$ cat final.txt   # compact mmCIF, C-alpha atoms
# COMPACT_ATOMS: atom_id res chain seq x y z
CA MET A 70 3.24 84.81 -109.74
CA GLN A 71 0.63 82.71 -108.03
CA VAL A 72 1.26 82.17 -104.35
CA GLY A 73 0.70 78.77 -102.78
CA ARG A 74 -2.15 77.53 -100.61
CA TYR A 75 -0.15 77.95 -97.41
CA HIS A 76 1.36 81.35 -98.20
CA ARG A 77 -0.28 83.19 -95.30
CA GLN A 78 0.88 80.51 -92.90
CA GLU A 79 4.41 80.39 -94.31
CA ILE A 80 4.89 84.13 -93.86
CA PHE A 81 3.83 83.71 -90.21
CA TYR A 82 7.29 83.75 -88.63
CA PRO A 83 6.92 80.89 -86.07
CA ILE A 84 5.97 78.49 -88.90
CA GLY A 85 7.73 79.62 -92.07
CA SER A 86 8.30 77.37 -95.09
CA GLU A 87 10.39 74.96 -93.02
CA GLY A 88 7.56 74.54 -90.52
CA GLN A 89 5.12 74.05 -93.34
CA GLN A 90 7.20 71.11 -94.59
CA LYS A 91 7.16 69.65 -91.08
CA LEU A 92 3.38 69.89 -90.97
CA LYS A 93 3.20 68.15 -94.33
CA GLY A 94 5.17 65.23 -92.94
CA ALA A 95 3.20 65.04 -89.69
CA ARG A 96 0.66 62.41 -88.62
CA VAL A 97 -2.23 63.21 -86.30
CA CYS A 98 -5.02 61.03 -84.93
CA ILE A 99 -8.25 62.71 -83.84
CA ILE A 100 -10.51 60.55 -81.70
CA GLY A 101 -14.14 61.64 -81.72
CA ILE A 102 -15.33 63.63 -84.73
CA GLY A 103 -18.11 65.58 -83.08
CA ALA A 104 -18.09 69.27 -82.26
CA LEU A 105 -14.46 69.40 -81.10
CA GLY A 106 -13.03 66.76 -83.43
CA ALA A 107 -14.66 68.04 -86.62
CA SER A 108 -13.42 71.60 -85.95
CA VAL A 109 -9.92 70.41 -85.12
CA ALA A 110 -9.82 68.17 -88.21
CA ASN A 111 -10.96 71.06 -90.37
CA MET A 112 -8.29 73.42 -89.01
CA LEU A 113 -5.45 70.89 -89.22
CA ALA A 114 -6.43 70.05 -92.80
CA GLN A 115 -6.47 73.75 -93.66
CA ALA A 116 -3.04 74.05 -92.05
CA GLY A 117 -1.70 71.25 -94.28
CA VAL A 118 -1.02 68.51 -91.72
CA GLY A 119 -0.10 65.68 -94.09
CA TYR A 120 -1.95 62.77 -92.52
CA LEU A 121 -5.13 62.79 -90.44
CA ARG A 122 -6.76 59.71 -88.95
CA LEU A 123 -10.36 60.49 -88.05
CA ILE A 124 -11.99 58.06 -85.63
CA ASP A 125 -15.64 58.02 -84.62
CA ARG A 126 -18.24 55.34 -83.96
CA ASP A 127 -21.37 57.44 -84.56
CA ILE A 128 -23.70 58.37 -87.41
CA VAL A 129 -24.46 62.05 -88.20
CA GLU A 130 -27.74 63.08 -86.51
CA LEU A 131 -29.88 66.19 -86.81
CA THR A 132 -29.03 67.36 -83.27
CA ASN A 133 -25.33 67.42 -84.26
CA LEU A 134 -25.83 70.23 -86.79
CA GLN A 135 -26.28 72.88 -84.07
CA ARG A 136 -22.54 72.76 -83.28
CA GLN A 137 -20.64 70.21 -85.38
CA VAL A 138 -19.04 72.00 -88.33
CA LEU A 139 -18.51 69.99 -91.53
CA PHE A 140 -21.79 68.06 -91.43
CA THR A 141 -24.88 68.76 -93.54
CA GLU A 142 -28.57 67.85 -93.62
CA ASP A 143 -27.75 65.54 -96.50
CA ASP A 144 -25.29 63.63 -94.29
CA VAL A 145 -28.15 63.14 -91.82
CA LYS A 146 -30.49 61.88 -94.55
CA GLN A 147 -27.84 59.48 -95.83
CA GLN A 148 -27.05 58.30 -92.28
CA LEU A 149 -23.35 58.79 -92.95
CA PRO A 150 -20.87 57.83 -90.27
CA LYS A 151 -19.23 60.98 -88.88
CA ALA A 152 -15.69 59.87 -89.67
CA GLU A 153 -16.57 59.20 -93.31
CA ALA A 154 -18.64 62.38 -93.72
CA ALA A 155 -15.78 64.43 -92.28
CA ARG A 156 -13.24 62.71 -94.55
CA MET A 157 -15.43 63.43 -97.57
CA HIS A 158 -15.98 67.12 -96.77
CA ILE A 159 -12.38 67.80 -95.75
CA SER A 160 -11.06 66.11 -98.92
CA GLN A 161 -13.02 68.62 -100.96
CA MET A 162 -11.29 71.44 -99.10
CA ASN A 163 -7.78 69.97 -99.18
CA SER A 164 -7.08 67.12 -101.60
CA GLU A 165 -3.32 67.32 -101.00
CA ILE A 166 -3.37 65.58 -97.64
CA GLU A 167 -4.13 61.99 -96.69
CA ILE A 168 -7.22 61.39 -94.58
CA GLU A 169 -8.15 58.04 -93.15
CA ALA A 170 -11.63 57.51 -91.70
CA LYS A 171 -12.06 54.80 -89.08
CA ILE A 172 -15.64 53.95 -88.16
CA VAL A 173 -14.87 52.14 -84.93
CA ASP A 174 -15.50 52.31 -81.24
CA VAL A 175 -12.29 53.03 -79.36
CA ASN A 176 -11.81 50.43 -76.63
CA PRO A 177 -9.06 48.56 -74.78
CA TYR A 178 -8.70 46.08 -77.65
CA ASN A 179 -7.94 48.52 -80.42
CA ILE A 180 -6.73 51.79 -78.92
CA GLU A 181 -3.02 51.00 -78.96
CA LYS A 182 -3.12 49.95 -82.61
CA LEU A 183 -4.96 53.16 -83.50
CA ILE A 184 -2.55 55.63 -81.92
CA THR A 185 0.96 54.21 -81.93
CA ASP A 186 1.97 55.37 -85.43
CA VAL A 187 1.09 59.05 -85.07
CA ASP A 188 2.89 62.11 -83.69
CA VAL A 189 0.02 63.58 -81.70
CA VAL A 190 -3.42 62.36 -80.59
CA VAL A 191 -6.19 64.96 -80.28
CA ASP A 192 -9.20 64.51 -78.04
CA GLY A 193 -12.65 65.08 -79.52
CA LEU A 194 -14.35 62.51 -77.33
CA ASP A 195 -17.81 62.76 -75.80
CA ASN A 196 -17.24 60.83 -72.58
CA LEU A 197 -14.74 60.60 -69.73
CA GLU A 198 -14.31 56.80 -69.77
CA THR A 199 -12.67 56.76 -73.20
CA ARG A 200 -10.63 59.85 -72.34
CA TYR A 201 -9.14 58.09 -69.32
CA LEU A 202 -8.44 55.04 -71.50
CA LEU A 203 -6.73 57.29 -74.05
CA ASN A 204 -4.73 58.96 -71.29
CA GLU A 205 -3.41 55.54 -70.21
CA ALA A 206 -2.59 54.43 -73.77
CA CYS A 207 -0.74 57.68 -74.52
CA ASP A 208 1.27 57.44 -71.30
CA LYS A 209 2.15 53.80 -72.00
CA HIS A 210 3.44 54.58 -75.48
CA GLY A 211 4.85 58.05 -74.79
CA ILE A 212 2.51 59.72 -77.27
CA ARG A 213 1.64 63.39 -76.91
CA TYR A 214 -2.05 63.90 -76.18
CA VAL A 215 -4.06 67.11 -76.47
CA TYR A 216 -6.99 66.96 -74.05
CA GLY A 217 -10.06 69.08 -74.72
CA GLY A 218 -13.54 68.86 -73.25
CA VAL A 219 -16.72 70.91 -73.17
CA VAL A 220 -20.08 70.95 -71.43
CA GLY A 221 -22.69 73.70 -71.29
CA SER A 222 -20.83 76.92 -72.03
CA GLY A 223 -17.57 75.79 -70.39
CA GLY A 224 -14.50 74.02 -71.64
CA MET A 225 -10.98 72.92 -70.72
CA MET A 226 -7.82 72.08 -72.58
CA MET A 227 -4.45 70.73 -71.55
CA ASN A 228 -1.49 69.22 -73.33
CA VAL A 229 -0.37 65.90 -71.86
CA LEU A 230 3.29 65.32 -72.65
CA PRO A 231 4.27 61.91 -71.22
CA GLY A 232 7.27 62.06 -68.92
CA GLU A 233 7.09 65.86 -68.74
CA THR A 234 3.72 67.26 -67.78
CA PRO A 235 0.84 66.09 -65.57
CA CYS A 236 -1.67 63.76 -67.20
CA LEU A 237 -5.45 63.86 -67.43
CA GLU A 238 -5.83 61.97 -64.16
CA CYS A 239 -3.58 64.51 -62.38
CA LEU A 240 -5.97 67.20 -63.64
CA LEU A 241 -9.36 65.57 -63.09
CA GLY A 242 -8.66 62.98 -60.40
CA PRO A 243 -9.88 59.38 -60.55
CA LEU A 244 -12.43 58.46 -63.18
CA PRO A 245 -15.87 59.34 -61.77
CA GLU A 246 -18.53 56.65 -61.71
CA GLU A 247 -20.59 56.44 -64.88
CA GLY A 248 -23.64 58.68 -64.56
CA SER A 249 -22.11 60.75 -61.75
CA TYR A 250 -21.21 63.70 -63.97
CA ASP A 251 -23.11 65.86 -66.41
CA THR A 252 -22.65 65.56 -70.14
CA CYS A 253 -23.74 67.47 -73.22
CA ASP A 254 -26.72 65.12 -73.35
CA THR A 255 -27.90 66.16 -69.88
CA VAL A 256 -27.03 69.88 -69.59
CA GLY A 257 -26.48 70.81 -73.22
CA VAL A 258 -23.64 72.58 -74.97
CA ILE A 259 -23.33 75.71 -77.09
CA SER A 260 -21.39 76.00 -80.31
CA PRO A 261 -19.08 78.94 -79.40
CA ILE A 262 -17.34 77.04 -76.59
CA THR A 263 -16.72 73.99 -78.78
CA ASN A 264 -15.03 76.20 -81.36
CA ILE A 265 -12.95 78.03 -78.75
CA VAL A 266 -11.66 74.79 -77.23
CA ALA A 267 -11.14 73.23 -80.67
CA SER A 268 -9.12 76.28 -81.74
CA TYR A 269 -6.81 75.91 -78.74
CA GLU A 270 -6.48 72.19 -79.45
CA ALA A 271 -5.61 72.81 -83.11
CA ALA A 272 -3.07 75.53 -82.28
CA GLU A 273 -1.42 73.37 -79.60
CA THR A 274 -1.27 70.43 -82.00
CA MET A 275 0.47 72.57 -84.61
CA LYS A 276 2.96 73.81 -81.99
CA LEU A 277 3.64 70.26 -80.81
CA LEU A 278 4.25 69.10 -84.39
CA LEU A 279 6.69 71.98 -84.86
CA ASP A 280 8.43 71.39 -81.49
CA SER A 281 7.63 74.99 -80.68
CA GLU A 282 8.85 76.62 -77.47
CA SER A 283 5.37 78.13 -77.19
CA VAL A 284 3.68 74.82 -76.37
CA CYS A 285 1.33 75.52 -73.46
CA ARG A 286 2.27 73.72 -70.24
CA GLN A 287 -0.65 74.96 -68.21
CA ALA A 288 -4.28 73.87 -68.24
CA ILE A 289 -6.86 76.27 -69.62
CA SER A 290 -10.39 76.68 -68.30
CA MET A 291 -12.78 78.86 -70.24
CA ASP A 292 -16.41 79.80 -70.51
CA ALA A 293 -18.04 81.41 -73.52
CA TRP A 294 -21.12 82.61 -71.62
CA ASP A 295 -19.35 84.03 -68.58
CA SER A 296 -16.60 85.49 -70.79
CA TYR A 297 -13.47 84.25 -69.12
CA THR A 298 -10.34 82.30 -69.94
CA GLU A 299 -8.03 81.17 -67.17
CA PHE A 300 -4.62 79.52 -67.41
CA PHE A 301 -3.60 77.54 -64.34
CA ASP A 302 -0.87 75.17 -63.17
CA VAL A 303 -1.41 71.54 -62.32
CA ASP A 304 1.15 69.57 -60.32
CA LYS A 305 2.34 66.26 -61.68
CA ASP A 306 1.23 63.82 -58.98
CA PRO A 307 3.95 61.26 -58.15
CA GLU A 308 1.20 59.01 -56.77
CA CYS A 309 -0.86 59.25 -59.96
CA PRO A 310 -1.66 55.66 -60.99
CA VAL A 311 -1.15 56.55 -64.67
CA CYS A 312 1.78 58.94 -65.12
CA GLY A 313 3.29 58.31 -61.66
CA LYS A 314 3.05 54.54 -61.34
CA HIS A 315 2.31 53.55 -64.94
CA GLN A 316 -0.59 51.31 -63.94
CA TYR A 317 -3.03 50.95 -66.80
CA THR A 318 -6.22 49.63 -65.23
CA LEU A 319 -8.61 50.55 -68.05
CA LEU A 320 -6.29 49.39 -70.78
CA GLU A 321 -6.03 45.99 -69.14
CA ARG A 322 -9.75 45.70 -68.39
CA ARG A 323 -10.60 43.61 -71.42
CA GLN A 324 -13.89 41.81 -71.38
CA LYS A 325 -15.54 39.53 -73.89
CA ASN A 326 -18.02 41.59 -75.89
CA TYR A 327 -17.13 45.01 -74.42
CA THR A 328 -20.43 46.74 -73.56
CA ALA A 329 -21.00 50.48 -73.26
CA SER A 330 -24.11 52.56 -72.67
CA LEU A 331 -24.55 55.23 -75.34
CA CYS A 332 -25.45 58.33 -73.38
CA GLY A 333 -28.70 59.93 -74.50
CA HIS A 334 -29.44 57.25 -77.08
CA ASP A 335 -31.38 54.60 -75.10
CA ALA A 336 -28.98 52.10 -76.59
CA TYR A 337 -26.05 49.86 -75.74
CA GLN A 338 -23.04 49.22 -77.89
CA ILE A 339 -21.28 45.87 -77.90
CA THR A 340 -17.83 45.49 -79.36
CA PRO A 341 -16.37 42.01 -79.70
CA GLU A 342 -12.62 41.49 -79.74
CA ASP A 343 -11.56 42.04 -83.34
CA ASP A 344 -9.49 38.99 -84.20
CA GLY A 345 -10.22 39.30 -87.92
CA THR A 346 -12.57 36.29 -88.04
CA PHE A 347 -15.92 38.08 -87.90
CA ASP A 348 -18.04 36.90 -90.86
CA TYR A 349 -20.00 40.07 -91.63
CA ASP A 350 -21.44 38.82 -94.94
CA GLY A 351 -22.53 35.54 -93.38
CA ILE A 352 -24.25 37.21 -90.42
CA VAL A 353 -26.04 39.73 -92.65
CA ALA A 354 -27.23 36.89 -94.90
CA ALA A 355 -28.65 35.12 -91.84
CA LEU A 356 -30.31 38.32 -90.60
CA GLU A 357 -32.05 38.75 -93.95
CA THR A 358 -34.02 35.56 -93.20
CA GLU A 359 -34.98 36.68 -89.69
CA GLY A 360 -36.36 40.16 -90.19
CA GLU A 361 -35.82 43.38 -92.09
CA ALA A 362 -32.09 43.83 -92.80
CA LYS A 363 -30.98 46.92 -94.73
CA ARG A 364 -27.33 47.10 -95.70
CA ASN A 365 -25.42 50.17 -96.87
CA ARG A 366 -21.71 50.84 -97.42
CA PHE A 367 -21.02 51.31 -93.73
CA PHE A 368 -23.40 49.20 -91.66
CA THR A 369 -26.56 47.07 -91.65
CA THR A 370 -29.74 47.99 -89.77
CA PHE A 371 -31.84 45.09 -88.56
CA LYS A 372 -35.38 45.05 -87.16
CA ASN A 373 -37.91 42.41 -86.31
CA ASP A 374 -40.66 42.08 -83.70
CA GLU A 375 -38.26 41.74 -80.80
CA VAL A 376 -35.07 43.64 -81.63
CA ASP A 377 -33.67 46.68 -83.41
CA PHE A 378 -29.92 47.14 -83.97
CA LYS A 379 -27.13 48.37 -86.23
CA LEU A 380 -24.31 45.99 -87.12
CA PHE A 381 -20.92 47.19 -88.40
CA PRO A 382 -18.42 45.21 -90.50
CA ASP A 383 -16.00 44.88 -87.58
CA GLY A 384 -18.67 43.07 -85.53
CA ARG A 385 -19.66 46.06 -83.41
CA ALA A 386 -23.38 46.42 -82.79
CA ILE A 387 -25.60 49.16 -81.38
CA ILE A 388 -28.63 47.56 -79.76
CA ASN A 389 -31.57 49.95 -79.41
CA GLY A 390 -34.36 49.94 -76.84
CA VAL A 391 -32.85 47.51 -74.32
CA LYS A 392 -33.06 48.11 -70.58
CA ASP A 393 -29.47 47.24 -69.66
CA GLY A 394 -26.16 45.83 -70.85
CA GLU A 395 -27.18 42.25 -70.05
CA ALA A 396 -30.26 42.50 -72.26
CA ALA A 397 -28.06 43.94 -75.02
CA ARG A 398 -25.59 41.05 -74.65
CA GLN A 399 -28.45 38.56 -74.95
CA VAL A 400 -29.53 40.12 -78.26
CA PHE A 401 -25.92 40.12 -79.41
CA ALA A 402 -25.48 36.45 -78.55
CA LYS A 403 -28.68 35.41 -80.28
CA TYR A 404 -28.32 37.33 -83.53
CA ILE A 405 -24.64 38.10 -84.01
CA ASP A 406 -22.21 36.11 -81.89
CA ARG A 407 -23.60 32.72 -82.86
CA MET B 236 -12.26 83.75 -41.81
CA LYS B 237 -13.83 85.06 -45.00
CA ILE B 238 -13.24 83.35 -48.34
CA LYS B 239 -14.40 84.61 -51.70
CA ILE B 240 -15.55 81.88 -54.04
CA LEU B 241 -15.78 82.19 -57.82
CA PHE B 242 -17.68 79.56 -59.73
CA ASN B 243 -16.28 78.93 -63.18
CA GLY B 244 -18.96 78.32 -65.82
CA PRO B 245 -21.70 75.69 -65.48
CA VAL B 246 -20.47 74.71 -62.03
CA ARG B 247 -22.12 77.89 -60.72
CA GLN B 248 -25.28 75.77 -60.70
CA LEU B 249 -23.95 74.59 -57.33
CA ASN B 250 -24.35 78.16 -56.07
CA GLY B 251 -27.87 78.83 -57.35
CA TRP B 252 -26.44 79.90 -60.74
CA LYS B 253 -24.55 82.82 -59.16
CA ASN B 254 -20.87 83.25 -60.02
CA VAL B 255 -19.67 84.71 -56.75
CA ALA B 256 -20.12 83.91 -53.08
CA THR B 257 -18.39 85.10 -49.93
CA ILE B 258 -18.50 82.61 -47.10
CA GLU B 259 -17.28 82.39 -43.51
CA LEU B 260 -15.32 79.34 -42.48
CA PRO B 261 -13.54 78.58 -39.19
CA ASP B 262 -9.78 79.14 -39.02
CA GLY B 263 -7.88 76.12 -40.28
CA ALA B 264 -10.66 75.15 -42.67
CA THR B 265 -9.66 73.21 -45.78
CA GLY B 266 -10.99 72.79 -49.30
CA TYR B 267 -13.15 69.96 -47.97
CA ASP B 268 -14.90 72.42 -45.62
CA LEU B 269 -15.51 74.73 -48.56
CA CYS B 270 -17.01 71.82 -50.48
CA ASP B 271 -19.16 70.87 -47.47
CA TYR B 272 -20.51 74.41 -47.34
CA PHE B 273 -21.93 74.00 -50.84
CA ASN B 274 -22.93 70.34 -50.33
CA ILE B 275 -20.26 69.25 -52.78
CA ILE B 276 -18.89 65.74 -52.43
CA PRO B 277 -15.64 65.56 -54.44
CA GLY B 278 -15.75 62.66 -56.87
CA LYS B 279 -19.52 62.33 -56.52
CA THR B 280 -21.17 65.70 -57.14
CA ARG B 281 -22.14 66.21 -60.74
CA LEU B 282 -20.31 69.11 -62.41
CA TYR B 283 -17.74 69.59 -59.63
CA GLY B 284 -14.15 69.13 -60.76
CA PHE B 285 -11.53 70.78 -58.53
CA LEU B 286 -10.40 73.97 -56.78
CA ILE B 287 -8.00 76.62 -58.08
CA ARG B 288 -6.06 79.11 -55.92
CA ASP B 289 -3.69 81.76 -57.28
CA GLY B 290 -3.58 80.16 -60.71
CA LYS B 291 -2.90 76.65 -59.44
CA LYS B 292 -5.05 73.57 -58.93
CA ILE B 293 -5.10 72.59 -55.24
CA LYS B 294 -6.16 69.43 -53.43
CA GLU B 295 -9.22 69.60 -51.18
CA GLU B 296 -7.13 68.74 -48.11
CA GLU B 297 -5.14 71.97 -48.42
CA GLU B 298 -5.72 74.65 -45.79
CA LEU B 299 -7.44 77.86 -46.82
CA HIS B 300 -6.53 81.33 -45.57
CA ASP B 301 -8.49 84.42 -44.58
CA GLY B 302 -9.21 86.82 -47.42
CA GLU B 303 -8.21 84.57 -50.27
CA THR B 304 -10.15 83.79 -53.43
CA ILE B 305 -10.85 80.19 -54.42
CA LYS B 306 -12.23 79.19 -57.79
CA VAL B 307 -14.50 76.19 -58.17
CA ASN B 308 -13.97 74.53 -61.50
CA GLY B 309 -16.16 71.96 -63.21
CA LYS B 310 -15.22 68.91 -65.22
CA THR B 311 -15.83 68.88 -68.90
CA SER B 312 -16.78 65.53 -70.29
CA GLY B 313 -18.32 66.30 -73.66
CA GLY B 314 -16.91 66.95 -77.07

$ encode --input "final.txt" --output "structure tokens"
Amino acid sequence: MQVGRYHRQEIFYPIGSEGQQKLKGARVCIIGIGALGASVANMLAQAGVGYLRLIDRDIVELTNLQRQVLFTEDDVKQQLPKAEAARMHISQMNSEIEIEAKIVDVNPYNIEKLITDVDVVVDGLDNLETRYLLNEACDKHGIRYVYGGVVGSGGMMMNVLPGETPCLECLLGPLPEEGSYDTCDTVGVISPITNIVASYEAAETMKLLLDSESVCRQAISMDAWDSYTEFFDVDKDPECPVCGKHQYTLLERRQKNYTASLCGHDAYQITPEDDGTFDYDGIVAALETEGEAKRNRFFTTFKNDEVDFKLFPDGRAIINGVKDGEAARQVFAKYIDR
Amino acid sequence: MKIKILFNGPVRQLNGWKNVATIELPDGATGYDLCDYFNIIPGKTRLYGFLIRDGKKIKEEEELHDGETIKVNGKTSGG
């Protein structure tokens, strides 16, 4: 008799065949499909989680291949968006589950819509600003959030269970000013730590989906180079603006044409409010008369003597080679938001 | 009083890349004094996240005690 795909997992007592059915019916959103997110997505797909929403705004680049499992040199050549490349590769490994790729920037406009129909949200993000935004959105909607982060050879992980455990802001304090902390772009990161943190995130997600008593309620700090793993307690802060007072500053900070610096890319991203009226075809047609516009399935690249940018169907644009956000907004106004 | 400091991971950069330090602080010193010793400004210094004592995150205003071990933890922003 041929045993099924999940046999080894079903004979693992804490899961069993009943748990396997629960995983099949579960819905998970992974935000950020880089080193952490791609590994987590891979493991949850292997485990048979029935629905995965993979969200990422970026294109696969050569420097990603040092640590981001799933991606190939061919993905780099094809300039595939990470979410789509991950969906494609994971589908080849497990065609029995549903995978939705979202090539979007997560921001105050869209985050609530992206996370409110799933059981657990997993953090694969590459910056603290969006993590703090996610922390607020998850607290507001009572959605369980698995935080994970890495830099250098170190990493951290903590489950955030709204109403029960401390939140990300209880752990890390107020959001530091942009540029006041190191990132993978400034001090690097090594592959082993991303896989260690991703493994904890995937295991905790599975336990949360199964309502396991083994769900970790401590934070974990670890370092792959210094060879340590430490579990520690964090107090839930009654004065915490997010989980204590339910004040959602970032979520409510909506601005016309949301602008973000893309760390390490010498570029700014502008995301307009998506009200469904953006005329992508019309804008691309206009761009074709104003310079070199190359369109593929996922985005259009545009270049002329003065500007260089990528435009996505939802109206988001990545403006390259501009000195600040204001200069990026001027390009956006002239060529896109017209 | 003497305090042993362990630097977790990349944050050891704040201690010349060494993992361990033993420092002398006056009685009644707090986590802020420890931070001062290493020129750490909480919320401003790159890499610095928070302090851990006996398996628990503590606030910088908490008093430290002779002979104890404090861990300096970083913040992890990447993914």

$ residues_around --input "final.txt" --residues "Gln248 of chain B" --least-positions-apart "3" --cutoff "12 Å" --atoms "all atoms listed in the file" --output "PyMOL selection string"
(chain A and resi 221+251+256) or (chain B and resi 241-245+251-255+273-275+280-283+307-309)

$ closest_residue --input "final.txt" --among "B:Ala256, B:Lys306, B:Glu298, B:Gly313" --to "Asp268 of chain B" --atoms "all atoms listed in the file"
B:Glu298

$ interface_residues --input "final.txt" --of "chain A" --to "chain B" --cutoff "6 Å" --atoms "all atoms listed in the file" --output "MDAnalysis selection string"
chainID A and resid 104:105 193:197 218:220 223:224 245 249:253 292 301:303

$ atom_distance --input "final.txt" --atom1 "atom CA of Phe378 of chain A" --atom2 "atom CA of Lys151 of chain A"
18.2 Å

$ atom_distance --input "final.txt" --atom1 "atom CA of Val284 of chain A" --atom2 "atom CA of Val191 of chain A"
14.5 Å

$ closest_residue --input "final.txt" --among "B:Leu269, B:Ile276, B:Arg247, B:Pro261" --to "Ile305 of chain B" --atoms "only C-alpha atoms"
B:Leu269

$ atom_distance --input "final.txt" --atom1 "atom CA of Asp188 of chain A" --atom2 "atom CA of Tyr214 of chain A"
9.2 Å

$ residues_around --input "final.txt" --residues "Pro341 of chain A" --least-positions-apart "2" --cutoff "7 Å" --atoms "all atoms listed in the file" --output "PyMOL selection string"
chain A and resi 325-327+339+343+384-385

$ closest_residue --input "final.txt" --among "A:Val118, A:Glu282, A:Ala329, A:Trp294" --to "Ile259 of chain A" --atoms "all atoms listed in the file"
A:Trp294

$ residues_around --input "final.txt" --residues "Gly88 of chain A" --least-positions-apart "2" --cutoff "10 Å" --atoms "only C-alpha atoms" --output "MDAnalysis selection string"
chainID A and resid 78:79 81:86 90:94 275:276 278:281

$ residues_around --input "final.txt" --residues "Arg156 of chain A" --least-positions-apart "4" --cutoff "7 Å" --atoms "all atoms listed in the file" --output "list of chain:residue names"
A:Ala152, A:Ser160, A:Ile168, A:Ala170

$ residues_around --input "final.txt" --residues "Leu230 of chain A" --least-positions-apart "3" --cutoff "12 Å" --atoms "all atoms listed in the file" --output "PyMOL selection string"
chain A and resi 188-190+204+207-216+227+233-237+273-274+277+280+284-287+305+312

$ closest_residue --input "final.txt" --among "B:Cys270, B:Leu286, B:Ile240, B:Glu296" --to "Ile258 of chain B" --atoms "all atoms listed in the file"
B:Ile240

$ closest_residue --input "final.txt" --among "A:Gln137, A:Ser164, A:Thr340, A:Thr132" --to "Pro261 of chain A" --atoms "only C-alpha atoms"
A:Gln137

$ residues_near_point --input "final.txt" --point "(-11.4, 86.0, -45.7)" --cutoff "9 Å" --atoms "only C-alpha atoms" --output "list in words"
Met236, Lys237, Ile238, Lys239, Thr257, Ile258, Glu259, Leu260, His300, Asp301, Gly302, Glu303 and Thr304 of chain B

$ write_last_selection --input "final.txt" --atoms "C-alpha atoms" --output "PDB file, in the frame of the given file"
ATOM      1  CA  MET B 236     -12.260  83.750 -41.810  1.00  0.00           C
ATOM      2  CA  LYS B 237     -13.830  85.060 -45.000  1.00  0.00           C
ATOM      3  CA  ILE B 238     -13.240  83.350 -48.340  1.00  0.00           C
ATOM      4  CA  LYS B 239     -14.400  84.610 -51.700  1.00  0.00           C
ATOM      5  CA  THR B 257     -18.390  85.100 -49.930  1.00  0.00           C
ATOM      6  CA  ILE B 258     -18.500  82.610 -47.100  1.00  0.00           C
ATOM      7  CA  GLU B 259     -17.280  82.390 -43.510  1.00  0.00           C
ATOM      8  CA  LEU B 260     -15.320  79.340 -42.480  1.00  0.00           C
ATOM      9  CA  HIS B 300      -6.530  81.330 -45.570  1.00  0.00           C
ATOM     10  CA  ASP B 301      -8.490  84.420 -44.580  1.00  0.00           C
ATOM     11  CA  GLY B 302      -9.210  86.820 -47.420  1.00  0.00           C
ATOM     12  CA  GLU B 303      -8.210  84.570 -50.270  1.00  0.00           C
ATOM     13  CA  THR B 304     -10.150  83.790 -53.430  1.00  0.00           C
TER      14      THR B 304
END
